[in-house]
Amino acid sequence: MTPEEKSVIRDQIIEMFDHAYGSYMKYAYPADELMPLSCRGRVRGQEPNRGDIDDSLGKFSLTLIDTLDTLVVLNKLDEFEDAVRKAVTDVRLDNDVVVSVFETNIRVLGGLLGAHVMADLLRQSGGRMQWYHDELLHMAKDLGHRLLPAFNTTSGLPYPKVNLRYGVLNPLSRTGTESDTCTACAGTMILEFAALSRLSGDSVFEEHARKALDVLWERRQRGSDLVGTVINIHNGEWIRRDSGVGAGIDSYYEYLMKAYILLGDNVFLERFNIHYIAIMKYISQPPLLLNVHMHNPTVSVRSWMDSLLAFFPGLQVLRGDLKPAIETHEMLYQVTKQHKFLPEAFTTEFRVHWGQHLLRPEFAESTYYLYKATGDPYYLRVGQSIVEKLNAYARVPCGFAAVQDVRTGTHEDRMDSFFLAEMFKYLYLLFSEKNQVPIDIDDYIFTTEAHLLPVSLSITQPPCQGNSTETVPLSQQEDLFTHSCPSTETLFPNNPSFAKTIRDSYKYLTGVGRAFHPLPVREIELPLHDNGMEPVEFLKSMGISLTPLNEIIARDTGSQKEHKGVYRVRLVAEVSQSPEEEEVVPHVVQLISPPFLGRTVLTAGPAKFGMDLSKQEHAVKGSIVKTFPYTACGPIDNALELKGRIALALRGDCMFAVKARRLQDAGAIGVIFIDHHEGSNSDETPLFQMVGDGDSTEDITLPLVFLFSREGAVLTAALEEHHNVDVLLLPKERQLGHDKTEKTVGVNIKLRLAEEGEVEEEAAKGPTLELVLAKEDVLLKEEEELKGEQNSQWQSCTKATVNDRTEQCSVDSSLTPNSNSGPDRNP
């Protein structure tokens with residue numbers, strides 16, 4: 001890439017930043033965030049509650065604070081000085097608001113500290129900011145003291161939420177009932193808290209952050225050296241034992257490595273290295289990064305990856321482990337080429353699992369690190385594609401809007417503060433030479449929110465007394481780079497083809513960019529001569545390509561059967577009707593009081609627990625009442641009003657079963673849950689069955705249904721306008737005034753091995769699967785797995801009827817892009 005090209009892209013990035021930041025300042029400030037589709041600010045309490053996502057908002061001009069040091073990196077020093085004056089004058093930190101400790105730490109405390117460091121540097125240079133007298137540092141210390149009550153636990157792990165004015169245990173705090181937190185939430189405090197201690201001279205912050213890291217280290221699984229995703233803050237027991245490098249854990253590993261860089265404390269490097277060896281042994285299967293069970297790490301616990309793990313190649317660059325960083329980054333790049341952006345979650349077959357893209361910066365971050373490590377212009381082209389796709393698919397008249405679903409390109413009315421804090425920093429630095437940045441970027445470490453803290457802190461500000469951690473001897477054999485700064489000549493020889501050779505093996509990983517030519521030795525095809533949509537769609541959803549049997553027979557007369565070392569395994573699929581109780585039946589909420597009179601019908605999803613409406617002779621009828629609190633995760637304040645009524649409750653903050661029990665105890669006769677993800681609807685999002693919390697749900701006997709956001713908005717608007725609204729809860733096929741549709745038929749697919757020739761004799765009896773495999777060791781492995789699982793069944797959740805669209809159910813309603821498994825940054 002020529003200097004002229006880089007200059008053009010750099011100017012383009014600055015223009016994009018001006019558009020995003022200017023829109024926030026024009027339409028949103030002093031609100032926390034910009035709503036780019038509505039062209040107004042998002043003020044907490046004035047917009048529909050989004051559950052945990054809103055815990056980032058504290059009425060402290062979040063986007064302004066988060067963006068301050070980005071203004072310096074982009075050489076916008078006039079704007080920086082003006083923004084600092086606004087922050088000092090306008091921002092209040094004593095608001096009666098419950099906020100996420102994690103998000104407030106990385107975004108607001110980190111933003112204040114990074115901006116203070118920049119302001120102090122400019123003041124010392126003698127030109128600007130001569131009026132500045134550490135006001136941002138004083139604000140940071142004030143905020144630090146407001147976060148400290150969260151650490152008032154027996155274990156030392158912090159509460160996940162805190163009230164900025166009243167702390168945690170104060171009767172006015174409206175928080176403190178939480179018992180769990182995510183690993184990243186507790187383990188991502190040390191950079192900001194240690195920097196605050198060393199800049200202010202108050203050791204209490206670093207002490208608490210170190211204690212939380214000590215607890216996580218002590219609670220690791222000693223056999224695997226892995227940690228889980230969610231931990232009990234009172235007794236240190238693991239609540240969720242899945243382990244990976246994505247949501248819920250990501251920045252814990254990042255902060256161990258970076259705490260060593262920032263503070264020079266060997267104990268953090270030693271802990272990181274022990275974890276890293278475990279990660280590379282169990283989780284990293286290049287180019288994939290899987291989730292495993294921390295106590296049994298050879299078992300993969302899910303078939304999808306989340307977008308937050310895109311930061312990990314950048315961390316591997318800091319570790320000096322470039323080959324797996326290149327491999328995983330290339331896989332992520334292939335996924336972005338297939339879907340325009342990195343979906344919030346995608347399967348190991350690179351299909352969309354959750355379609356959201358929240359303008360997350362982690363992929364750009366790793367691209368920046370890899371370019372700085374390698375100098376390979378390939379990564380400039382990757383950065384250029386990020387810039388072009390943001391402009392083409394996310395830009396709107398009032399800023400940039402998150403993408404609700406990468407498959408449809410629909411937008412969501414949100415522009416999170418991290419977009420300005422991180423994305424533009426990494427993109428600008430990627431295309432800039434050192435002399436085009438007003439600071440020496442190598443003198444700073446990036447926090448997880450890309451705020452800049454000086455690495456000189458370990459020398460100029462030694463640790464406060466008592467803030468040292470005992471060195472733990474390595475239990476694993478150290479590798480070559482444990483305590484060294486890796487030589488780029490050793491790791492990355494002066495050979496332009498080195499990185500390209502690594503990337504090329506993943507070039508067509510997702511199939512994008514080439515015509516499809518079946519390779520019998522390397523690819524699997526399962527032909528079906530069946531016209532039923534159920535097995536076809538089911539197998540497609542598993543990533544299996546399908547071809548009509550007659551086409552295969554015609555094609556197989558050619559060269560495919562001539563490959564040496566290839567033979568055929570035939571699998572017979574027996575199609576049978578599923579037991580009725582296993583069917584997933586769409587439900588409806590039908591408004592029957594005037595003026596609706598049954599004409600308004602809202603498609604709803606059922607639950608796997610509670611009353612089974614499909615087995616009831618009559619629908620459940622009742623008047624609807626909003627619960628208070630709306631999430632129904634705390635004591636129900638309007639229990640008297642709910643008695644004998646159907647409760648409306650918002651999804652989020654706790655499990656469906658927890659809400660259902662509270663509302664059942666309050667006397668409700670049914671519950672309608674409404675999705676908190678703005679814009680979700682049953683036309684674009686597959687229905688799913690709500691599941692319990694893992695414990696017995698036999699005590700829950702009332703009917704439960706789930707409405708997506710758009711349908712829920714219709715219901716709540718009707719309630720606001722008419723105050724008394726009666727509804728029926730019933731299966732869709734039994735709604736009033738609706739002719740019965742053809743009964744749905746579920747399908748079980750049972751597979752068994754058949755001898756050569758047997759399929760031809762029995763082919764007329766049912767659909768046939770033909771599998772072409774290489775005659776290698778992998779076949780033996782699959783045969784062993786098949787024998788061990790010969791009693792298992794594949795059951796399709798997909799159902800098709802004559803009159804209804806195809807709908808897919810989910811086996812886990814609790815796993816959503818914004819579930820309660822972690823902070824908003826960690827879906």
# chains A, B, ... in the order shown; residues from 1 in each chain; ligands from 1
$ residues_around --residues "A:Ser200" --least-positions-apart "3" --cutoff "8 Å" --atoms "only C-alpha atoms" --output "ChimeraX atom specification"
/A:137,141,196-197
$ select_by_dssp --residues "stretch 590-708 of chain A" --states "strand (DSSP E or B)" --output "PyMOL selection string"
chain A and resi 590-591+600-605+607+620-626+646-650+652+654+670-674+690+704-707
$ write_last_selection --atoms "N, CA, C and O atoms" --output "CSV table (one decimal), in the first residue's frame"
chain,number,residue,atom,x,y,z
A,590,GLN,N,-53.8,-13.4,22.1
A,590,GLN,CA,-54.9,-12.8,21.3
A,590,GLN,C,-55.6,-11.8,22.2
A,590,GLN,O,-56.1,-12.1,23.2
A,591,LEU,N,-55.7,-10.6,21.7
A,591,LEU,CA,-56.4,-9.5,22.4
A,591,LEU,C,-57.9,-9.6,22.1
A,591,LEU,O,-58.3,-9.4,20.9
A,600,THR,N,-56.5,-8.7,16.9
A,600,THR,CA,-55.0,-8.5,17.1
A,600,THR,C,-54.5,-9.8,17.7
A,600,THR,O,-54.8,-10.2,18.8
A,601,VAL,N,-53.6,-10.5,16.9
A,601,VAL,CA,-53.0,-11.8,17.4
A,601,VAL,C,-51.5,-11.7,17.3
A,601,VAL,O,-51.0,-11.3,16.2
A,602,LEU,N,-50.8,-11.9,18.4
A,602,LEU,CA,-49.4,-11.8,18.4
A,602,LEU,C,-48.7,-13.1,18.6
A,602,LEU,O,-49.1,-13.9,19.5
A,603,THR,N,-47.8,-13.5,17.7
A,603,THR,CA,-47.1,-14.8,17.7
A,603,THR,C,-46.2,-14.8,18.9
A,603,THR,O,-45.4,-13.9,19.2
A,604,ALA,N,-46.3,-15.9,19.6
A,604,ALA,CA,-45.5,-16.1,20.9
A,604,ALA,C,-44.8,-17.4,20.9
A,604,ALA,O,-45.3,-18.4,20.3
A,605,GLY,N,-43.7,-17.5,21.7
A,605,GLY,CA,-43.0,-18.8,21.9
A,605,GLY,C,-43.5,-19.4,23.2
A,605,GLY,O,-43.8,-18.7,24.1
A,607,ALA,N,-42.9,-22.3,26.5
A,607,ALA,CA,-41.9,-22.6,27.5
A,607,ALA,C,-41.9,-24.1,27.7
A,607,ALA,O,-42.8,-24.8,27.5
A,620,VAL,N,-56.1,-19.8,28.3
A,620,VAL,CA,-56.1,-19.1,29.6
A,620,VAL,C,-56.4,-17.6,29.3
A,620,VAL,O,-55.8,-17.0,28.4
A,621,LYS,N,-57.5,-17.1,30.0
A,621,LYS,CA,-58.0,-15.8,29.7
A,621,LYS,C,-57.7,-14.9,31.0
A,621,LYS,O,-57.8,-15.4,32.1
A,622,GLY,N,-57.3,-13.7,30.7
A,622,GLY,CA,-57.2,-12.8,31.9
A,622,GLY,C,-56.8,-11.4,31.4
A,622,GLY,O,-56.5,-11.1,30.2
A,623,SER,N,-56.8,-10.4,32.4
A,623,SER,CA,-56.4,-9.1,32.1
A,623,SER,C,-54.9,-9.0,32.3
A,623,SER,O,-54.3,-9.6,33.2
A,624,ILE,N,-54.2,-8.1,31.6
A,624,ILE,CA,-52.8,-8.0,31.7
A,624,ILE,C,-52.4,-6.8,32.6
A,624,ILE,O,-53.0,-5.8,32.6
A,625,VAL,N,-51.3,-7.0,33.3
A,625,VAL,CA,-50.8,-6.0,34.2
A,625,VAL,C,-49.3,-6.0,34.2
A,625,VAL,O,-48.7,-7.1,34.2
A,626,LYS,N,-48.6,-4.9,34.0
A,626,LYS,CA,-47.2,-4.8,34.1
A,626,LYS,C,-46.7,-5.1,35.5
A,626,LYS,O,-47.2,-4.6,36.4
A,646,ILE,N,-52.8,-11.6,34.4
A,646,ILE,CA,-51.7,-12.1,33.6
A,646,ILE,C,-50.6,-11.1,33.6
A,646,ILE,O,-50.8,-9.9,33.2
A,647,ALA,N,-49.4,-11.5,34.1
A,647,ALA,CA,-48.3,-10.5,34.3
A,647,ALA,C,-47.5,-10.3,33.0
A,647,ALA,O,-47.3,-11.2,32.3
A,648,LEU,N,-47.1,-9.0,32.8
A,648,LEU,CA,-46.2,-8.7,31.7
A,648,LEU,C,-44.8,-8.5,32.4
A,648,LEU,O,-44.7,-7.6,33.3
A,649,ALA,N,-43.8,-9.2,32.0
A,649,ALA,CA,-42.5,-9.0,32.5
A,649,ALA,C,-41.4,-8.9,31.4
A,649,ALA,O,-41.6,-9.6,30.4
A,650,LEU,N,-40.4,-8.1,31.7
A,650,LEU,CA,-39.3,-7.9,30.7
A,650,LEU,C,-38.3,-9.0,30.8
A,650,LEU,O,-37.9,-9.4,32.0
A,652,GLY,N,-34.5,-10.5,30.9
A,652,GLY,CA,-33.2,-10.0,31.3
A,652,GLY,C,-33.0,-10.0,32.8
A,652,GLY,O,-34.0,-10.1,33.6
A,654,CYS,N,-32.3,-11.9,35.1
A,654,CYS,CA,-32.4,-13.2,35.8
A,654,CYS,C,-33.1,-14.2,34.9
A,654,CYS,O,-33.6,-13.9,33.9
A,670,GLY,N,-50.8,-16.2,34.9
A,670,GLY,CA,-50.1,-16.4,33.6
A,670,GLY,C,-49.0,-15.4,33.5
A,670,GLY,O,-49.1,-14.3,34.2
A,671,VAL,N,-48.0,-15.6,32.6
A,671,VAL,CA,-46.9,-14.6,32.4
A,671,VAL,C,-46.7,-14.5,31.0
A,671,VAL,O,-46.6,-15.5,30.2
A,672,ILE,N,-46.6,-13.2,30.5
A,672,ILE,CA,-46.1,-12.9,29.1
A,672,ILE,C,-44.7,-12.3,29.3
A,672,ILE,O,-44.6,-11.2,29.8
A,673,PHE,N,-43.7,-12.9,28.8
A,673,PHE,CA,-42.3,-12.3,28.8
A,673,PHE,C,-42.1,-11.6,27.5
A,673,PHE,O,-42.5,-12.0,26.5
A,674,ILE,N,-41.5,-10.4,27.6
A,674,ILE,CA,-41.3,-9.5,26.5
A,674,ILE,C,-39.8,-9.4,26.3
A,674,ILE,O,-39.1,-9.0,27.3
A,690,MET,N,-38.7,-21.3,25.9
A,690,MET,CA,-38.0,-20.9,27.1
A,690,MET,C,-37.6,-22.1,28.0
A,690,MET,O,-38.4,-23.0,28.1
A,704,LEU,N,-46.8,-19.8,30.5
A,704,LEU,CA,-45.8,-18.9,30.2
A,704,LEU,C,-45.6,-18.8,28.7
A,704,LEU,O,-45.5,-19.8,28.0
A,705,VAL,N,-45.6,-17.6,28.1
A,705,VAL,CA,-45.3,-17.4,26.7
A,705,VAL,C,-44.3,-16.2,26.6
A,705,VAL,O,-44.1,-15.4,27.5
A,706,PHE,N,-43.7,-16.2,25.4
A,706,PHE,CA,-42.6,-15.2,25.1
A,706,PHE,C,-43.0,-14.4,23.9
A,706,PHE,O,-43.3,-15.0,22.8
A,707,LEU,N,-42.9,-13.1,24.0
A,707,LEU,CA,-43.1,-12.2,22.8
A,707,LEU,C,-41.8,-11.5,22.5
A,707,LEU,O,-41.1,-11.0,23.4
$ select_by_dssp --residues "stretch 127-270 of chain A" --states "helix (DSSP H, G or I)" --output "NGL selection string"
:A and (135-151 or 183-187 or 190-200 or 204-218 or 250-263 or 266-270)
$ atom_distance --atom1 "atom CA of A:Gly41" --atom2 "atom CA of A:Arg407"
27.5 Å
$ residues_around --residues "stretch 363-377 of chain A" --least-positions-apart "5" --cutoff "6 Å" --atoms "only C-alpha atoms" --output "list of chain:residue names"
A:Ala310, A:Phe311, A:Pro313, A:Gly314, A:Tyr426, A:Leu430
$ write_last_selection --atoms "all heavy atoms" --output "tab-separated table (two decimals), in the first residue's frame"
chain	number	residue	atom	x	y	z
A	310	ALA	N	-12.30	-12.25	19.33
A	310	ALA	CA	-11.48	-11.65	18.27
A	310	ALA	C	-10.32	-10.84	18.84
A	310	ALA	O	-9.37	-10.51	18.11
A	310	ALA	CB	-12.34	-10.77	17.36
A	311	PHE	N	-10.36	-10.51	20.14
A	311	PHE	CA	-9.24	-9.79	20.75
A	311	PHE	C	-8.03	-10.70	20.93
A	311	PHE	O	-6.90	-10.23	21.06
A	311	PHE	CB	-9.66	-9.24	22.13
A	311	PHE	CG	-9.37	-10.19	23.26
A	311	PHE	CD1	-8.25	-10.03	24.06
A	311	PHE	CD2	-10.20	-11.29	23.50
A	311	PHE	CE1	-7.97	-10.93	25.08
A	311	PHE	CE2	-9.93	-12.18	24.52
A	311	PHE	CZ	-8.81	-12.00	25.32
A	313	PRO	N	-6.13	-12.92	19.17
A	313	PRO	CA	-4.91	-12.85	18.36
A	313	PRO	C	-4.03	-11.67	18.74
A	313	PRO	O	-2.79	-11.78	18.73
A	313	PRO	CB	-5.45	-12.72	16.93
A	313	PRO	CG	-6.78	-13.39	16.97
A	313	PRO	CD	-7.34	-13.07	18.32
A	314	GLY	N	-4.62	-10.53	19.09
A	314	GLY	CA	-3.82	-9.39	19.53
A	314	GLY	C	-3.07	-9.69	20.81
A	314	GLY	O	-1.90	-9.29	20.98
A	426	TYR	N	-7.76	2.28	16.94
A	426	TYR	CA	-7.01	1.21	16.28
A	426	TYR	C	-6.91	1.43	14.77
A	426	TYR	O	-5.85	1.19	14.16
A	426	TYR	CB	-7.67	-0.14	16.58
A	426	TYR	CG	-7.52	-0.57	18.02
A	426	TYR	CD1	-8.63	-0.89	18.80
A	426	TYR	CD2	-6.26	-0.64	18.62
A	426	TYR	CE1	-8.49	-1.28	20.13
A	426	TYR	CE2	-6.12	-1.03	19.95
A	426	TYR	CZ	-7.24	-1.35	20.69
A	426	TYR	OH	-7.10	-1.74	22.01
A	430	LEU	N	-3.43	2.14	12.81
A	430	LEU	CA	-3.07	1.16	11.79
A	430	LEU	C	-2.53	1.85	10.53
A	430	LEU	O	-1.58	1.37	9.91
A	430	LEU	CB	-4.30	0.30	11.45
A	430	LEU	CG	-4.17	-0.74	10.33
A	430	LEU	CD1	-3.11	-1.78	10.69
A	430	LEU	CD2	-5.52	-1.42	10.08
$ atom_distance --atom1 "atom CA of A:Ser432" --atom2 "atom CA of A:Ile14"
11.5 Å
$ atom_distance --atom1 "atom CA of A:Met415" --atom2 "atom CA of A:Gly399"
7.8 Å
$ residues_around --residues "A:Tyr506" --least-positions-apart "6" --cutoff "9 Å" --atoms "only C-alpha atoms" --output "PyMOL selection string"
chain A and resi 287+327+330-331+334
$ closest_residue --among "A:Ile274, A:Ala150, A:Ala140, A:Leu719" --to "A:Val117" --atoms "only C-alpha atoms"
A:Ala140
$ closest_residue --among "A:Asn681, A:Cys633, A:Phe609, A:His133" --to "A:Ser696" --atoms "only C-alpha atoms"
A:Phe609
$ closest_residue --among "A:Asp66, A:Glu178, A:Glu81, A:Asp142" --to "A:Arg107" --atoms "only C-alpha atoms"
A:Asp66
